[in-house]
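Raw contents of target.txt, compact mmCIF, C-alpha atoms:
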```
# COMPACT_ATOMS: atom_id res chain seq x y z
CA MET G 874 -61.22 276.96 103.31
CA SER G 875 -64.72 277.29 102.24
CA SER G 876 -66.87 279.99 103.74
CA ILE G 877 -69.81 277.58 103.79
CA LYS G 878 -70.50 274.91 106.40
CA ILE G 879 -73.29 272.42 105.76
CA ARG G 880 -74.79 269.92 108.21
CA SER G 881 -77.61 267.49 107.50
CA LYS G 882 -79.86 265.56 109.84
CA ARG G 883 -82.60 263.08 109.05
CA LEU G 884 -85.90 263.97 110.71
CA GLY G 885 -88.48 261.30 109.93
CA ASP G 886 -88.76 261.20 106.15
CA LYS G 887 -87.32 264.70 105.76
CA MET G 888 -83.79 266.00 105.65
CA GLN G 889 -82.92 269.06 107.68
CA ILE G 890 -80.17 271.11 106.06
CA ARG G 891 -78.37 273.67 108.22
CA THR G 892 -75.83 276.07 106.77
CA LEU G 893 -73.56 278.68 108.28
CA ILE G 894 -71.76 281.09 105.95
CA ALA G 895 -68.87 283.31 106.97
CA HIS G 896 -69.67 286.73 105.51
CA PRO G 897 -69.62 290.31 106.92
CA MET G 898 -73.10 291.17 105.54
CA GLU G 899 -72.41 294.92 105.72
CA ASN G 900 -75.53 296.87 104.75
CA GLY G 901 -73.67 300.10 104.05
CA ARG G 902 -75.19 301.99 106.98
CA MET G 903 -72.72 301.10 109.72
CA ARG G 904 -69.85 303.43 110.63
CA ASP G 905 -66.33 302.40 111.44
CA LYS G 906 -65.82 303.03 115.18
CA ASP G 907 -62.35 304.56 114.77
CA SER G 908 -62.60 306.60 111.57
CA ASP G 909 -66.36 307.29 111.65
CA GLN G 910 -66.45 306.48 107.93
CA LEU G 911 -69.36 304.54 106.48
CA ILE G 912 -68.42 300.92 105.87
CA PRO G 913 -69.25 300.11 102.23
CA ALA G 914 -72.09 297.67 101.59
CA HIS G 915 -70.88 294.09 101.26
CA PHE G 916 -73.54 291.41 101.48
CA ILE G 917 -74.69 288.20 99.87
CA GLN G 918 -77.32 288.85 97.21
CA GLU G 919 -78.04 285.35 96.13
CA LEU G 920 -78.08 281.99 97.87
CA ILE G 921 -78.83 278.77 96.03
CA VAL G 922 -79.39 275.26 97.38
CA LYS G 923 -79.14 272.36 94.94
CA HIS G 924 -80.05 268.75 95.46
CA ASN G 925 -78.16 266.49 93.05
CA ASP G 926 -77.48 269.54 90.82
CA LYS G 927 -81.16 270.49 90.67
CA THR G 928 -82.00 273.85 92.21
CA VAL G 929 -84.47 273.40 95.08
CA ILE G 930 -84.13 276.80 96.78
CA SER G 931 -83.05 280.04 95.21
CA SER G 932 -83.11 283.25 97.17
CA HIS G 933 -82.30 286.92 97.03
CA LEU G 934 -80.93 288.37 100.23
CA SER G 935 -80.32 291.90 101.47
CA GLY G 936 -77.90 293.54 103.89
CA SER G 937 -80.48 293.06 106.63
CA ILE G 938 -79.60 289.40 106.99
CA SER G 939 -77.34 289.08 110.04
CA LYS G 940 -73.56 288.79 109.82
CA ASP G 941 -72.44 285.21 109.17
CA PRO G 942 -75.81 284.09 107.78
CA TYR G 943 -77.36 280.95 109.24
CA PHE G 944 -80.22 279.14 107.52
CA VAL G 945 -82.17 275.97 108.10
CA PHE G 946 -84.23 274.34 105.35
CA MET G 947 -86.25 271.14 105.19
CA LEU G 948 -85.92 268.98 102.07
CA ASN G 949 -87.98 266.02 100.94
CA ASN G 950 -86.93 262.96 98.95
CA VAL G 951 -83.28 263.11 99.96
CA ASN G 952 -81.47 259.77 100.13
CA SER G 953 -78.15 258.50 101.38
CA GLY G 954 -75.32 259.48 99.03
CA ASP G 955 -77.18 262.45 97.58
CA LYS G 956 -75.29 265.67 96.97
CA ILE G 957 -76.38 268.99 98.47
CA THR G 958 -74.67 272.06 97.01
CA ILE G 959 -74.96 275.52 98.52
CA SER G 960 -73.56 278.55 96.75
CA TRP G 961 -73.66 282.31 97.18
CA VAL G 962 -72.82 285.45 95.20
CA ASP G 963 -72.38 288.85 96.86
CA ASN G 964 -72.74 292.43 95.65
CA LEU G 965 -68.98 292.61 94.90
CA ASN G 966 -69.34 289.53 92.67
CA GLN G 967 -67.39 287.34 95.04
CA PHE G 968 -68.80 283.85 95.32
CA ASP G 969 -68.37 280.49 96.95
CA SER G 970 -69.84 277.03 96.68
CA GLU G 971 -69.71 273.90 98.82
CA ASP G 972 -70.81 270.30 98.31
CA HIS G 973 -72.15 268.10 101.09
CA PHE G 974 -72.87 264.40 100.75
CA ILE G 975 -75.69 262.86 102.77
CA LYS G 976 -74.56 259.97 104.97
CA MET T 1232 -81.95 297.73 63.43
CA ARG T 1233 -81.68 294.12 62.48
CA ARG T 1234 -77.96 294.16 63.01
CA ARG T 1235 -78.42 295.58 66.49
CA PHE T 1236 -80.87 292.82 67.26
CA LEU T 1237 -78.38 290.21 66.12
CA LYS T 1238 -75.70 291.80 68.23
CA HIS T 1239 -77.94 291.61 71.27
CA LEU T 1240 -78.65 288.03 70.49
CA THR T 1241 -74.97 287.10 70.44
CA THR T 1242 -74.30 288.93 73.71
CA PHE T 1243 -77.16 287.05 75.27
CA ALA T 1244 -75.95 283.73 73.93
CA GLY T 1245 -72.48 284.61 75.18
CA SER T 1246 -73.70 285.17 78.69
CA ILE T 1247 -75.48 281.85 78.67
CA TRP T 1248 -72.32 280.16 77.54
CA LEU T 1249 -70.34 281.86 80.30
CA SER T 1250 -72.81 280.85 82.94
CA GLY T 1251 -72.77 277.30 81.66
CA SER T 1252 -69.02 277.12 81.85
CA GLY T 1253 -68.96 278.07 85.51
CA LEU T 1254 -66.43 280.86 84.92
CA PHE T 1255 -69.10 283.32 85.76
CA LYS T 1256 -71.26 282.39 88.72
CA ALA T 1257 -74.44 283.41 87.04
CA ALA T 1258 -77.46 284.61 88.90
CA TYR T 1259 -80.67 282.68 88.35
CA ALA T 1260 -82.12 286.13 87.92
CA ALA T 1261 -80.73 289.61 88.38
CA TRP T 1262 -80.87 290.86 91.95
CA PRO T 1263 -84.05 293.00 92.05
CA SER T 1264 -82.53 296.16 93.51
CA ASP T 1265 -85.84 298.03 93.29
CA ASN T 1266 -87.50 295.55 95.65
CA PHE T 1267 -84.69 295.91 98.16
CA LYS T 1268 -84.15 299.67 98.00
CA GLU T 1269 -84.75 302.16 100.78
CA GLN T 1270 -88.47 302.87 100.75
CA SER T 1271 -91.46 302.71 103.07
CA TYR T 1272 -93.00 299.36 103.98
CA GLN T 1273 -96.19 300.25 102.09
CA ASP T 1274 -94.21 301.20 98.99
CA THR T 1275 -92.38 297.86 99.17
CA LEU T 1276 -95.69 295.99 99.32
CA THR T 1277 -97.06 297.97 96.38
CA ARG T 1278 -93.91 297.32 94.38
CA LEU T 1279 -93.97 293.58 95.09
CA PHE T 1280 -97.65 292.79 94.86
CA ASN T 1281 -99.18 295.83 93.18
CA GLN T 1282 -102.72 296.05 94.57
CA ALA T 1283 -103.23 292.30 94.98
CA GLU T 1284 -105.15 291.19 98.03
CA LEU T 1285 -103.01 289.87 100.88
CA ILE T 1286 -104.92 287.20 102.78
CA GLU T 1287 -104.23 287.30 106.53
CA THR T 1288 -103.63 283.79 107.77
CA HIS T 1289 -102.83 281.98 111.00
CA LYS T 1290 -101.53 279.01 109.05
CA ILE T 1291 -98.05 280.50 108.83
CA LYS T 1292 -96.30 280.00 112.16
CA ILE T 1293 -93.67 282.58 112.97
CA LYS T 1294 -91.24 281.78 115.74
CA ALA T 1295 -89.27 284.79 116.90
CA PRO T 1296 -88.31 286.25 120.28
CA LYS T 1297 -90.88 288.56 121.91
CA THR T 1298 -88.00 290.79 122.90
CA ALA T 1299 -84.77 290.78 120.95
CA GLU T 1300 -81.83 292.02 123.04
CA ASN T 1301 -79.78 292.72 119.95
CA GLY T 1302 -81.47 293.87 116.73
CA ALA T 1303 -78.43 292.78 114.74
CA VAL T 1304 -79.29 289.11 115.28
CA VAL T 1305 -82.97 288.21 115.49
CA PRO T 1306 -83.56 284.49 114.96
CA VAL T 1307 -86.68 283.73 112.96
CA THR T 1308 -88.28 280.41 112.04
CA ILE T 1309 -91.27 280.25 109.74
CA GLN T 1310 -93.26 277.14 109.06
CA SER T 1311 -96.55 276.27 107.44
CA ASP T 1312 -98.64 273.43 106.10
CA LEU T 1313 -99.97 275.59 103.27
CA PRO T 1314 -99.44 273.54 100.09
CA ASN T 1315 -97.73 274.57 96.86
CA ILE T 1316 -96.01 277.66 98.22
CA GLY T 1317 -93.49 278.77 95.63
CA LYS T 1318 -92.33 282.08 97.00
CA VAL T 1319 -91.73 283.44 100.49
CA TYR T 1320 -90.82 286.98 101.50
CA ILE T 1321 -89.45 288.16 104.85
CA LEU T 1322 -90.11 291.83 105.61
CA VAL T 1323 -89.60 294.16 108.57
CA ASP T 1324 -91.88 297.19 108.55
CA ASN T 1325 -89.57 299.51 110.52
CA ASN T 1326 -86.36 298.77 108.63
CA PRO T 1327 -85.14 301.49 106.24
CA LYS T 1328 -85.08 298.75 103.59
CA PRO T 1329 -88.12 296.67 104.55
CA LEU T 1330 -87.48 293.63 102.35
CA SER T 1331 -85.04 291.29 104.06
CA ALA T 1332 -85.08 288.27 101.79
CA GLU T 1333 -87.11 286.44 99.19
CA PHE T 1334 -87.02 282.67 98.66
CA ASN T 1335 -88.16 280.53 95.75
CA LEU T 1336 -89.05 277.07 96.99
CA SER T 1337 -89.42 274.05 94.74
CA ASN T 1338 -91.93 271.26 95.37
CA ASP T 1339 -89.26 269.18 97.08
CA VAL T 1340 -88.85 271.72 99.86
CA ASP T 1341 -91.10 272.20 102.86
CA PHE T 1342 -92.35 275.64 103.76
CA PHE T 1343 -89.81 275.83 106.55
CA ILE T 1344 -87.09 278.48 106.85
CA THR T 1345 -84.89 279.51 109.75
CA ALA T 1346 -82.85 282.68 109.31
CA ARG T 1347 -81.24 285.40 111.39
CA ILE T 1348 -82.18 288.93 110.44
CA LYS T 1349 -81.45 292.51 111.48
CA MET T 1350 -84.10 294.81 112.89
CA ALA T 1351 -83.50 298.55 113.23
CA ALA T 1352 -86.23 299.07 115.83
CA SER T 1353 -89.22 297.37 117.40
CA GLY T 1354 -91.79 296.52 114.80
CA GLN T 1355 -93.68 293.92 112.85
CA LEU T 1356 -91.99 291.00 111.24
CA ILE T 1357 -94.04 290.13 108.18
CA ILE T 1358 -94.04 286.90 106.21
CA ILE T 1359 -95.71 286.80 102.82
CA ALA T 1360 -96.13 283.55 100.92
CA MET T 1361 -97.47 282.93 97.43
CA ASP T 1362 -98.97 279.89 95.78
CA ASN T 1363 -100.29 279.91 92.23
CA GLU T 1364 -103.44 281.79 93.13
CA ASN T 1365 -103.24 283.49 96.49
CA ILE T 1366 -100.93 285.67 98.51
CA TYR T 1367 -100.88 284.97 102.25
CA LYS T 1368 -99.62 287.24 104.98
CA ALA T 1369 -98.75 286.69 108.61
CA SER T 1370 -97.01 289.00 111.04
CA ARG T 1371 -95.58 289.14 114.52
CA PHE T 1372 -94.45 291.98 116.73
CA VAL T 1373 -90.85 291.91 117.95
CA LYS T 1374 -89.59 294.36 120.56
CA VAL T 1375 -85.99 295.33 119.93
CA SER T 1376 -83.86 296.59 122.85
CA LYS T 1377 -80.90 297.69 120.75
CA GLY T 1378 -81.32 298.38 117.03
CA GLY T 1379 -79.12 296.52 114.60
CA CYS T 1380 -79.06 298.47 111.38
CA GLY T 1381 -76.66 301.31 112.12
CA ASN T 1382 -79.08 304.17 112.45
```
Give the structure from this file in structure tokens form.
Amino acid sequence: MSSIKIRSKRLGDKMQIRTLIAHPMENGRMRDKDSDQLIPAHFIQELIVKHNDKTVISSHLSGSISKDPYFVFMLNNVNSGDKITISWVDNLNQFDSEDHFIK
Amino acid sequence: MRRRFLKHLTTFAGSIWLSGSGLFKAAYAAWPSDNFKEQSYQDTLTRLFNQAELIETHKIKIKAPKTAENGAVVPVTIQSDLPNIGKVYILVDNNPKPLSAEFNLSNDVDFFITARIKMAASGQLIIIAMDNENIYKASRFVKVSKGGCGN
């Protein structure tokens, strides 16, 4: 199952895109409660939103984005049937991508 | 010398090919670790904008709780009517690593972002936005009851 959930909602002539990504977003400063060892950094470094395969938002993130990142963006000129793609890459080079089609 | 240049060229071309094939989820640009490293807020600003003037503005609306119970999850919404904004930065002055995120926005996207960030302690939440000419800055104080950065 994909780590990325995407929801869209038409607001006037704009399209609101909400996304929730399952990711630990460890910044490398937290300690494990039992072993008291530092938990290694593991966070998304890059998040990209594409509209019909054209990049509309590209971002660099840090470990100070909360666990299970949630974002809302507002896109213009999005029509029924259009494809929204959201993808991420983390500092361990893991990645995921998800397509969402506008109703 | 020339041979080395050619070798570099082929490696470069190779990486483009890989990114095109989708085998390698290529970054649009390398993650700028220097921007995100542990440093003071002022040093972060200097690194990002050198000595450029930051224009204080009220045109960037920042919605965030006055008091955040849990610094690990501070919801933030930023919104503005400023036109042609191409780049937006979210910073927290009291975090060990002040830069939280940077966004490149295309013309088809409104200057509207909701995110959830971590705050180590009470402090200013700073939004910096750039168009082709100017750099705008807006900030808001958030009181944090319980820090969320693992101090």
Counting all atoms listed in the file, give me one row per residue of chain T with an atom at most 6 Å from an atom of chain G, showing the shortest contact pair and its distance in Å to one decimal, sorted by chain then residue number, as CSV.
```
residue,atom,partner,partner_atom,distance
T:Val1304,CA,G:Ser939,CA,5.6
T:Ser1331,CA,G:Ser935,CA,5.4
T:Ala1332,CA,G:Leu934,CA,4.4
T:Glu1333,CA,G:His933,CA,5.3
T:Phe1334,CA,G:Ser932,CA,4.2
T:Asn1335,CA,G:Ser931,CA,5.2
T:Leu1336,CA,G:Ile930,CA,4.9
T:Ser1337,CA,G:Val929,CA,5.0
T:Asp1339,CA,G:Asn949,CA,5.2
T:Val1340,CA,G:Leu948,CA,4.6
T:Asp1341,CA,G:Met947,CA,5.5
T:Phe1343,CA,G:Phe946,CA,5.9
T:Ile1344,CA,G:Phe946,CA,5.3
T:Thr1345,CA,G:Val945,CA,4.8
T:Ala1346,CA,G:Phe944,CA,4.8
T:Arg1347,CA,G:Ser939,CA,5.5
T:Ile1348,CA,G:Ile938,CA,4.3
T:Lys1349,CA,G:Ser937,CA,5.0
T:Gly1381,CA,G:Met903,CA,4.6
```
So that I can see what lies close to Arg1371 (chain T), please list as an MDAnalysis selection string the residues with an atom at most 9 Å from it, counting all atoms listed in the file and leaving out residues fewer than 4 positions away in the same chain.
chainID T and resid 1293:1295 1297 1354:1358
Please provide as a list in words all residues within 9 Å of Ala1299 (chain T), with the sequence filter that same-chain residues fewer than 5 positions apart are discarded (counting all atoms listed in the file).
Val1304, Val1305, Pro1306, Ser1353, Val1373, Lys1374, Val1375, Ser1376 and Lys1377 of chain T
Near-Gly954 (chain G) list (10 Å; all atoms listed in the file; drop same-chain fewer than 6 positions) as a list in words
Asn925, His973, Phe974, Ile975 and Lys976 of chain G
Which residues, written as a PyMOL selection string, have at least one atom at most 6 Å from Ala1360 (chain T), with only C-alpha atoms counted and residues fewer than 6 positions away on the same chain left out?
chain T and resi 1318-1319+1366-1367
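Going from CA of Asp1312 (chain T) to CA of Phe1342 (chain T) covers 7.1 Å.
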What does the structure give for the distance between CA of Thr1298 (chain T) and CA of Ala1352 (chain T), in Å to one decimal?
11.0 Å
As JSON, please report the centre and edge lengths, rounded to one decimal in Å, of the axis-aligned box that holds all listed atoms of region 882-898 of chain G with 6 Å of padding on each of the six sides.
```
{"center_x": -78.8, "center_y": 276.2, "center_z": 108.1, "size_x": 31.9, "size_y": 42.0, "size_z": 17.2}
```
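With CA of Asp972 (chain G) on one side and CA of Arg883 (chain G) on the other, the separation reads 17.5 Å.
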Need the neighbours of (-96.5, 274.8, 96.3): which residues are at most 8 Å away, counting all atoms listed in the file, as an NGL selection string?
:T and (1313-1317 or 1336-1338 or 1362-1363)
